[in-house]
Structure formats: C-alpha cells, structure tokens
file protein_34.txt (compact mmCIF, C-alpha atoms)
# COMPACT_ATOMS: atom_id res chain seq x y z
CA MET U 30 124.85 114.52 89.76
CA SER U 31 122.48 112.20 87.89
CA ASP U 32 123.58 110.28 84.79
CA PHE U 33 120.13 110.63 83.24
CA VAL U 34 120.21 112.80 80.11
CA ILE U 35 116.52 113.77 80.46
CA PRO U 36 114.31 114.11 83.56
CA LEU U 37 113.37 110.70 84.96
CA PRO U 38 109.76 109.86 83.95
CA ALA U 39 107.30 109.63 86.82
CA VAL U 40 106.40 106.21 88.17
CA THR U 41 102.71 105.35 87.73
CA THR U 42 101.06 104.35 90.99
CA ILE U 43 97.64 103.11 92.09
CA PRO U 44 96.31 104.06 95.54
CA VAL U 45 95.80 101.22 98.01
CA ALA U 46 92.53 101.40 99.95
CA SER U 47 94.24 100.67 103.27
CA GLY U 48 97.00 103.22 102.63
CA GLY U 49 100.08 103.65 100.47
CA SER U 50 100.65 103.44 96.73
CA PHE U 51 101.27 100.48 94.42
CA PRO U 52 103.93 101.11 91.73
CA VAL U 53 103.05 99.76 88.28
CA ARG U 54 105.49 97.84 86.09
CA ARG U 55 103.42 96.43 83.21
CA VAL U 56 99.74 96.19 82.25
CA TYR U 57 98.43 93.02 80.61
CA CYS U 58 94.86 92.80 79.31
CA ILE U 59 93.08 89.57 78.39
CA GLY U 60 90.62 89.62 75.51
CA ARG U 61 87.18 87.98 75.26
CA ASN U 62 87.28 86.31 78.67
CA TYR U 63 83.50 86.17 79.16
CA ALA U 64 81.55 83.94 76.75
CA ALA U 65 78.68 86.41 76.28
CA HIS U 66 81.08 89.22 75.40
CA ALA U 67 82.90 86.98 72.92
CA ILE U 68 79.54 86.34 71.22
CA GLU U 69 78.60 90.03 71.09
CA MET U 70 81.97 90.79 69.47
CA GLY U 71 81.34 88.11 66.83
CA HIS U 72 83.63 85.37 68.12
CA ASP U 73 83.32 81.73 69.21
CA PRO U 74 82.71 81.61 72.99
CA ASP U 75 84.27 78.15 73.42
CA ARG U 76 87.34 78.03 75.63
CA GLU U 77 90.49 78.53 73.59
CA ALA U 78 94.01 79.62 74.42
CA PRO U 79 93.78 83.10 75.93
CA PHE U 80 95.24 86.10 74.16
CA PHE U 81 96.63 89.27 75.68
CA PHE U 82 97.47 92.79 74.64
CA GLN U 83 99.15 95.50 76.70
CA LYS U 84 98.33 98.98 77.80
CA ASN U 85 101.03 101.35 79.00
CA PRO U 86 101.49 101.80 82.76
CA ASN U 87 100.66 105.49 82.55
CA ASN U 88 97.33 104.70 80.83
CA LEU U 89 96.08 103.80 84.32
CA ASP U 90 94.24 106.71 85.91
CA SER U 91 92.68 107.02 89.35
CA THR U 92 91.32 110.58 89.13
CA GLY U 93 87.68 109.60 88.51
CA THR U 94 87.52 111.42 85.17
CA PHE U 95 87.96 110.17 81.61
CA PRO U 96 88.78 112.77 78.95
CA TYR U 97 87.09 111.84 75.66
CA PRO U 98 90.01 111.02 73.36
CA PRO U 99 90.73 112.49 69.91
CA HIS U 100 90.24 110.91 66.46
CA THR U 101 87.23 108.80 67.44
CA SER U 102 83.45 108.99 67.57
CA ASP U 103 82.82 105.60 69.19
CA VAL U 104 84.42 105.13 72.61
CA HIS U 105 83.18 102.08 74.54
CA HIS U 106 83.23 101.17 78.23
CA GLU U 107 84.49 97.75 79.35
CA ALA U 108 84.15 97.04 83.09
CA GLU U 109 86.84 94.71 84.43
CA LEU U 110 88.29 93.15 87.55
CA THR U 111 91.99 93.99 87.80
CA VAL U 112 94.59 91.83 89.55
CA VAL U 113 97.89 93.27 90.82
CA LEU U 114 100.95 91.17 91.61
CA LYS U 115 103.40 91.38 94.54
CA ALA U 116 105.82 88.86 93.01
CA GLY U 117 106.39 87.07 89.72
CA GLY U 118 108.45 84.52 87.88
CA THR U 119 108.27 82.24 84.85
CA ASN U 120 106.40 78.98 84.26
CA ILE U 121 104.31 79.46 87.38
CA ALA U 122 102.07 76.51 88.26
CA VAL U 123 98.33 77.21 88.42
CA GLU U 124 98.20 76.01 92.03
CA ASP U 125 100.91 78.52 93.02
CA ALA U 126 99.66 81.52 91.04
CA LEU U 127 97.36 83.10 93.63
CA ASP U 128 100.28 83.37 96.06
CA LEU U 129 101.63 86.14 93.79
CA VAL U 130 98.51 88.33 94.04
CA TYR U 131 98.72 91.47 96.17
CA GLY U 132 95.15 92.60 95.62
CA TYR U 133 92.25 93.48 93.34
CA ALA U 134 90.70 96.66 91.94
CA LEU U 135 87.83 97.84 89.76
CA SER U 136 88.85 99.18 86.37
CA LEU U 137 87.61 100.21 82.94
CA ASP U 138 89.24 99.30 79.63
CA MET U 139 88.10 102.27 77.56
CA THR U 140 88.30 101.49 73.85
CA ARG U 141 88.26 103.59 70.68
CA ARG U 142 86.09 100.92 69.05
CA ASP U 143 86.06 102.48 65.60
CA LEU U 144 89.86 102.64 65.49
CA GLN U 145 90.17 99.14 66.93
CA GLY U 146 87.80 97.88 64.22
CA GLU U 147 89.87 99.48 61.49
CA MET U 148 93.02 97.82 62.84
CA LYS U 149 91.31 94.42 63.04
CA LYS U 150 90.21 94.65 59.40
CA ALA U 151 93.74 95.56 58.33
CA GLY U 152 95.35 92.85 60.47
CA ARG U 153 97.27 95.45 62.43
CA PRO U 154 97.95 95.86 66.19
CA TRP U 155 95.21 97.34 68.37
CA GLU U 156 97.24 99.84 70.40
CA ILE U 157 95.69 102.89 68.76
CA GLY U 158 92.28 101.71 69.99
CA LYS U 159 93.35 100.51 73.42
CA ALA U 160 96.55 102.12 74.73
CA PHE U 161 95.80 105.82 74.60
CA GLU U 162 96.10 108.40 77.39
CA ARG U 163 94.00 107.69 80.50
CA SER U 164 92.32 104.74 78.79
CA ALA U 165 92.26 102.65 81.99
CA PRO U 166 90.36 104.36 84.81
CA ILE U 167 91.00 102.39 88.00
CA GLY U 168 89.89 102.40 91.61
CA PRO U 169 91.95 101.76 94.74
CA ILE U 170 93.52 98.36 95.33
CA HIS U 171 91.97 96.14 97.99
CA THR U 172 94.53 93.74 99.42
CA VAL U 173 94.06 89.98 99.56
CA SER U 174 94.38 90.17 103.33
CA GLU U 175 91.27 92.37 103.34
CA VAL U 176 89.04 90.83 100.68
CA GLY U 177 90.46 87.36 100.01
CA HIS U 178 90.59 85.97 96.48
CA LEU U 179 87.66 86.82 94.23
CA ASP U 180 86.33 83.93 92.16
CA SER U 181 82.64 84.89 92.15
CA GLY U 182 80.45 87.93 92.66
CA ALA U 183 78.42 90.34 90.58
CA ILE U 184 80.16 92.79 88.25
CA THR U 185 77.99 95.61 86.86
CA LEU U 186 78.30 98.93 85.08
CA LYS U 187 75.69 101.68 84.79
CA VAL U 188 75.83 104.76 82.56
CA ASN U 189 73.77 107.67 83.89
CA GLY U 190 71.94 105.20 86.12
CA GLU U 191 71.04 102.80 83.28
CA LEU U 192 72.37 99.25 83.64
CA ARG U 193 74.64 98.42 80.70
CA GLN U 194 76.87 95.54 81.81
CA GLN U 195 76.03 92.71 84.17
CA GLY U 196 77.87 89.48 84.86
CA ASP U 197 79.54 87.41 87.54
CA LEU U 198 83.22 86.74 88.14
CA ASN U 199 82.44 83.02 88.09
CA GLN U 200 81.76 83.45 84.35
CA LEU U 201 85.42 84.19 83.59
CA ILE U 202 86.54 81.64 80.98
CA TRP U 203 90.13 81.82 82.24
CA LYS U 204 90.35 82.19 86.01
CA THR U 205 92.87 84.45 87.73
CA SER U 206 95.27 81.62 88.58
CA GLU U 207 95.11 80.30 85.01
CA MET U 208 95.77 83.74 83.50
CA ILE U 209 98.82 84.26 85.68
CA SER U 210 100.18 80.80 84.88
CA TYR U 211 99.63 81.19 81.13
CA LEU U 212 101.19 84.66 81.01
CA SER U 213 104.25 83.40 82.88
CA GLU U 214 104.95 80.93 80.09
CA TYR U 215 105.54 83.82 77.67
CA PHE U 216 106.68 86.69 79.90
CA GLU U 217 108.69 86.99 83.10
CA LEU U 218 106.15 88.38 85.54
CA ALA U 219 107.25 90.60 88.42
CA ALA U 220 106.00 92.65 91.34
CA GLY U 221 104.11 95.67 90.02
CA ASP U 222 102.46 93.84 87.14
CA VAL U 223 98.76 94.49 86.54
CA ILE U 224 96.34 92.12 84.80
CA MET U 225 92.98 93.35 83.50
CA THR U 226 90.83 90.23 83.33
CA GLY U 227 88.24 90.91 80.62
CA THR U 228 84.71 92.30 80.48
CA PRO U 229 81.18 90.88 80.52
CA SER U 230 78.70 91.55 77.72
CA GLY U 231 76.92 94.87 77.30
CA VAL U 232 79.82 97.06 76.20
CA GLY U 233 78.70 100.25 74.54
CA PRO U 234 79.45 103.88 73.74
CA VAL U 235 79.79 106.87 76.03
CA VAL U 236 79.77 110.60 75.31
CA LYS U 237 80.98 113.68 77.15
CA GLY U 238 79.01 114.25 80.33
CA ASP U 239 78.19 110.58 80.92
CA VAL U 240 78.73 109.16 84.40
CA MET U 241 79.88 105.53 84.60
CA GLU U 242 79.25 103.66 87.84
CA MET U 243 80.91 100.27 88.21
CA GLU U 244 80.52 97.79 91.05
CA ILE U 245 82.07 94.43 91.94
CA ALA U 246 80.73 92.51 94.92
CA GLY U 247 83.27 92.72 97.72
CA LEU U 248 85.21 95.61 96.15
CA GLY U 249 82.72 98.46 96.31
CA SER U 250 82.26 100.90 93.45
CA LEU U 251 84.09 103.12 90.96
CA THR U 252 82.55 106.29 89.50
CA VAL U 253 84.08 107.88 86.41
CA THR U 254 82.81 110.96 84.56
CA VAL U 255 83.45 111.45 80.83
CA THR U 256 84.80 114.96 80.25
call {"tool": "encode", "arguments": {"input": "protein_34.txt", "output": "structure tokens"}}
result
Amino acid sequence: MSDFVIPLPAVTTIPVASGGSFPVRRVYCIGRNYAAHAIEMGHDPDREAPFFFQKNPNNLDSTGTFPYPPHTSDVHHEAELTVVLKAGGTNIAVEDALDLVYGYALSLDMTRRDLQGEMKKAGRPWEIGKAFERSAPIGPIHTVSEVGHLDSGAITLKVNGELRQQGDLNQLIWKTSEMISYLSEYFELAAGDVIMTGTPSGVGPVVKGDVMEMEIAGLGSLTVTVT
C-alpha cells in the first residue's frame, strides 16, 4: 500500500526523436538573450549578468496545439532553442558544461504580455504572464549524438506563413555552456533540467486559429496551432 495521501502527480515527459521519453525536473528560462530582442523590449543590449525565471515542468506541451489562455488579450510567441541536461552539479566550469547536455529541442515561450507588463510596472514576479498551463509548446528532443552541439544556425518563426522572427543561434549573448555554468552557481542542476535559451527579435501577438511554424537549422521544425 502506498504512503501517498493523494494520487501521485504525473511526471512530465518530452518525446525523444530517436525513441523514448525524457523526464522533466525543472524548467529554467533566460531573459533577453538576443541583443535585438532586448532592444525591442526597451532594454540595454550590452552583455550583462544573465537573469532567469522558471516555468513549471507541466507547462511543457508536445501536442502541437496551444489553447489561448484566460484573462489576457495579448499573447505573444517567443521562439527558442531548448537545452536538456543528462547530468548536473554545482559550480560547473564553462569548459565542462556541454558534457552535461543530452540534447536540444525547438520550443515556444508563450507569454501573456499584458499581464507580464502589469507585473513589471508593479515590481512583482512574472509567473502570471509566463508560467501558465501549456505555455511552453515543445518539439521532440534531438540527442547530441545525432545533431552535435548547436552554436550557430538560423532560427525562424512564421505565423500563418508570414515571417515574424528571424535570427541565428550565434547571436545568443550568453552561450549554452555559459548559461549552464552561471545557473550552477545559484542552483544545483540535475538530470532532467530544461533550459530555454531566449528568443530573437520579432515577438508578437497570436489569436485563435493562427498556425505557428518554427524552424532551427539542424533540428527541423515545430508546428503549433492556437486553439
């Protein structure tokens, strides 16, 4: 007989392109990691210490649909490269960080921009704008053994066939190894951790019925329909 006093919550998993499922422990998101996006959001694009916020593991969703969330009229798309870890630790050296990476995936950091803006003005946390149900559509994980480590390559997002976001992974202000190293100074990283690496410029609103098509060179594409 189980000692749990309520049913055990389901473990969130992400499909792996070559087979199997990746169990998720935590989700870290880095903010303003492309200079052009920092500018469009009204911030200084110069390199500064990175900052992170978190989504909940079960915000990740691989169904290919995004239900338009409540209490908002301004939901934005943010196309991102996601990194998933097979191991962790603390105070990880930059030169050792990539050894912890299991693979990479395409993802979207969907944002209730109006609610996020209200929280920013009030000096309050952003979770209500960022960490809502199914706010992180994600594609299958491609393992490092299949695709190598991604430090360059086009990242784009189209809405209904119209190009909205366009950048290159080489434009990341903080590279994957640097993000992992920095995070490990403040958190104990572990297998199952997910890092969403930031978005290029061109973020904008979506409405019900829109079809978002994201691509990253070397990782294929991700199609998500707003319902």
call {"tool": "atom_distance", "arguments": {"input": "protein_34.txt", "atom1": "CA of Leu129 (chain U)", "atom2": "CA of Leu212 (chain U)"}}
result
12.9 Å
call {"tool": "residues_around", "arguments": {"input": "protein_34.txt", "residues": "region 114-121 of chain U", "least_positions_apart": "4", "cutoff": "7 Å", "atoms": "only C-alpha atoms", "output": "list in words"}}
result
Asp125, Ala126, Leu129, Val130, Tyr131, Ser210, Ser213, Glu214, Phe216, Glu217, Leu218, Ala219, Ala220, Gly221, Asp222 and Val223 of chain U
call {"tool": "closest_residue", "arguments": {"input": "protein_34.txt", "among": "U:Met243, U:Leu144, U:Ala78, U:Met225", "to": "Cys58 (chain U)", "atoms": "only C-alpha atoms"}}
result
U:Met225
call {"tool": "residues_around", "arguments": {"input": "protein_34.txt", "residues": "Ile224 (chain U)", "least_positions_apart": "2", "cutoff": "8 Å", "atoms": "all atoms listed in the file", "output": "list in words"}}
result
Val56, Tyr57, Cys58, Ile59, Thr111, Val112, Val113, Asp222 and Thr226 of chain U
call {"tool": "residues_around", "arguments": {"input": "protein_34.txt", "residues": "Thr172 (chain U)", "least_positions_apart": "6", "cutoff": "9 Å", "atoms": "all atoms listed in the file", "output": "PDB file with C-alpha atoms, in the coordinates of the input"}}
result
ATOM      1  CA  VAL U  45      95.800 101.220  98.010  1.00  0.00           C
ATOM      2  CA  ALA U  46      92.530 101.400  99.950  1.00  0.00           C
ATOM      3  CA  SER U  47      94.240 100.670 103.270  1.00  0.00           C
ATOM      4  CA  VAL U 130      98.510  88.330  94.040  1.00  0.00           C
ATOM      5  CA  TYR U 131      98.720  91.470  96.170  1.00  0.00           C
ATOM      6  CA  GLY U 132      95.150  92.600  95.620  1.00  0.00           C
ATOM      7  CA  TYR U 133      92.250  93.480  93.340  1.00  0.00           C
ATOM      8  CA  ALA U 134      90.700  96.660  91.940  1.00  0.00           C
TER       9      ALA U 134
END
call {"tool": "atom_distance", "arguments": {"input": "protein_34.txt", "atom1": "CA of Thr228 (chain U)", "atom2": "CA of His178 (chain U)"}}
result
18.2 Å
call {"tool": "closest_residue", "arguments": {"input": "protein_34.txt", "among": "U:Pro86, U:Pro234, U:Gly249, U:Pro79", "to": "Tyr63 (chain U)", "atoms": "all atoms listed in the file"}}
result
U:Pro79
call {"tool": "residues_around", "arguments": {"input": "protein_34.txt", "residues": "region 88-93 of chain U", "least_positions_apart": "4", "cutoff": "10 Å", "atoms": "all atoms listed in the file", "output": "ChimeraX atom specification"}}
result
/U:41-44,53,56,84,136-138,159-169,223,240-241,251-255
call {"tool": "atom_distance", "arguments": {"input": "protein_34.txt", "atom1": "CA of Tyr97 (chain U)", "atom2": "CA of Asp143 (chain U)"}}
result
13.8 Å
call {"tool": "closest_residue", "arguments": {"input": "protein_34.txt", "among": "U:Val173, U:Ala151, U:Val34, U:Ala64", "to": "Gly231 (chain U)", "atoms": "all atoms listed in the file"}}
result
U:Ala64
call {"tool": "closest_residue", "arguments": {"input": "protein_34.txt", "among": "U:Ser31, U:Thr256, U:Thr205, U:Thr94", "to": "Asp128 (chain U)", "atoms": "only C-alpha atoms"}}
result
U:Thr205
call {"tool": "closest_residue", "arguments": {"input": "protein_34.txt", "among": "U:Lys204, U:His100, U:Arg142, U:Arg153", "to": "Asp180 (chain U)", "atoms": "all atoms listed in the file"}}
result
U:Lys204
call {"tool": "residues_near_point", "arguments": {"input": "protein_34.txt", "point": "(80.5, 90.9, 82.9)", "cutoff": "8 Å", "atoms": "all atoms listed in the file", "output": "PyMOL selection string"}}
result
chain U and resi 63+66+108-109+183-185+194-198+200+228-231
call {"tool": "write_last_selection", "arguments": {"input": "protein_34.txt", "atoms": "C-alpha atoms", "output": "tab-separated table (two decimals), in the frame of the given file"}}
result
chain	number	residue	atom	x	y	z
U	63	TYR	CA	83.50	86.17	79.16
U	66	HIS	CA	81.08	89.22	75.40
U	108	ALA	CA	84.15	97.04	83.09
U	109	GLU	CA	86.84	94.71	84.43
U	183	ALA	CA	78.42	90.34	90.58
U	184	ILE	CA	80.16	92.79	88.25
U	185	THR	CA	77.99	95.61	86.86
U	194	GLN	CA	76.87	95.54	81.81
U	195	GLN	CA	76.03	92.71	84.17
U	196	GLY	CA	77.87	89.48	84.86
U	197	ASP	CA	79.54	87.41	87.54
U	198	LEU	CA	83.22	86.74	88.14
U	200	GLN	CA	81.76	83.45	84.35
U	228	THR	CA	84.71	92.30	80.48
U	229	PRO	CA	81.18	90.88	80.52
U	230	SER	CA	78.70	91.55	77.72
U	231	GLY	CA	76.92	94.87	77.30
call {"tool": "closest_residue", "arguments": {"input": "protein_34.txt", "among": "U:Pro36, U:Gly182, U:Gly247, U:Pro98", "to": "Met139 (chain U)", "atoms": "all atoms listed in the file"}}
result
U:Pro98
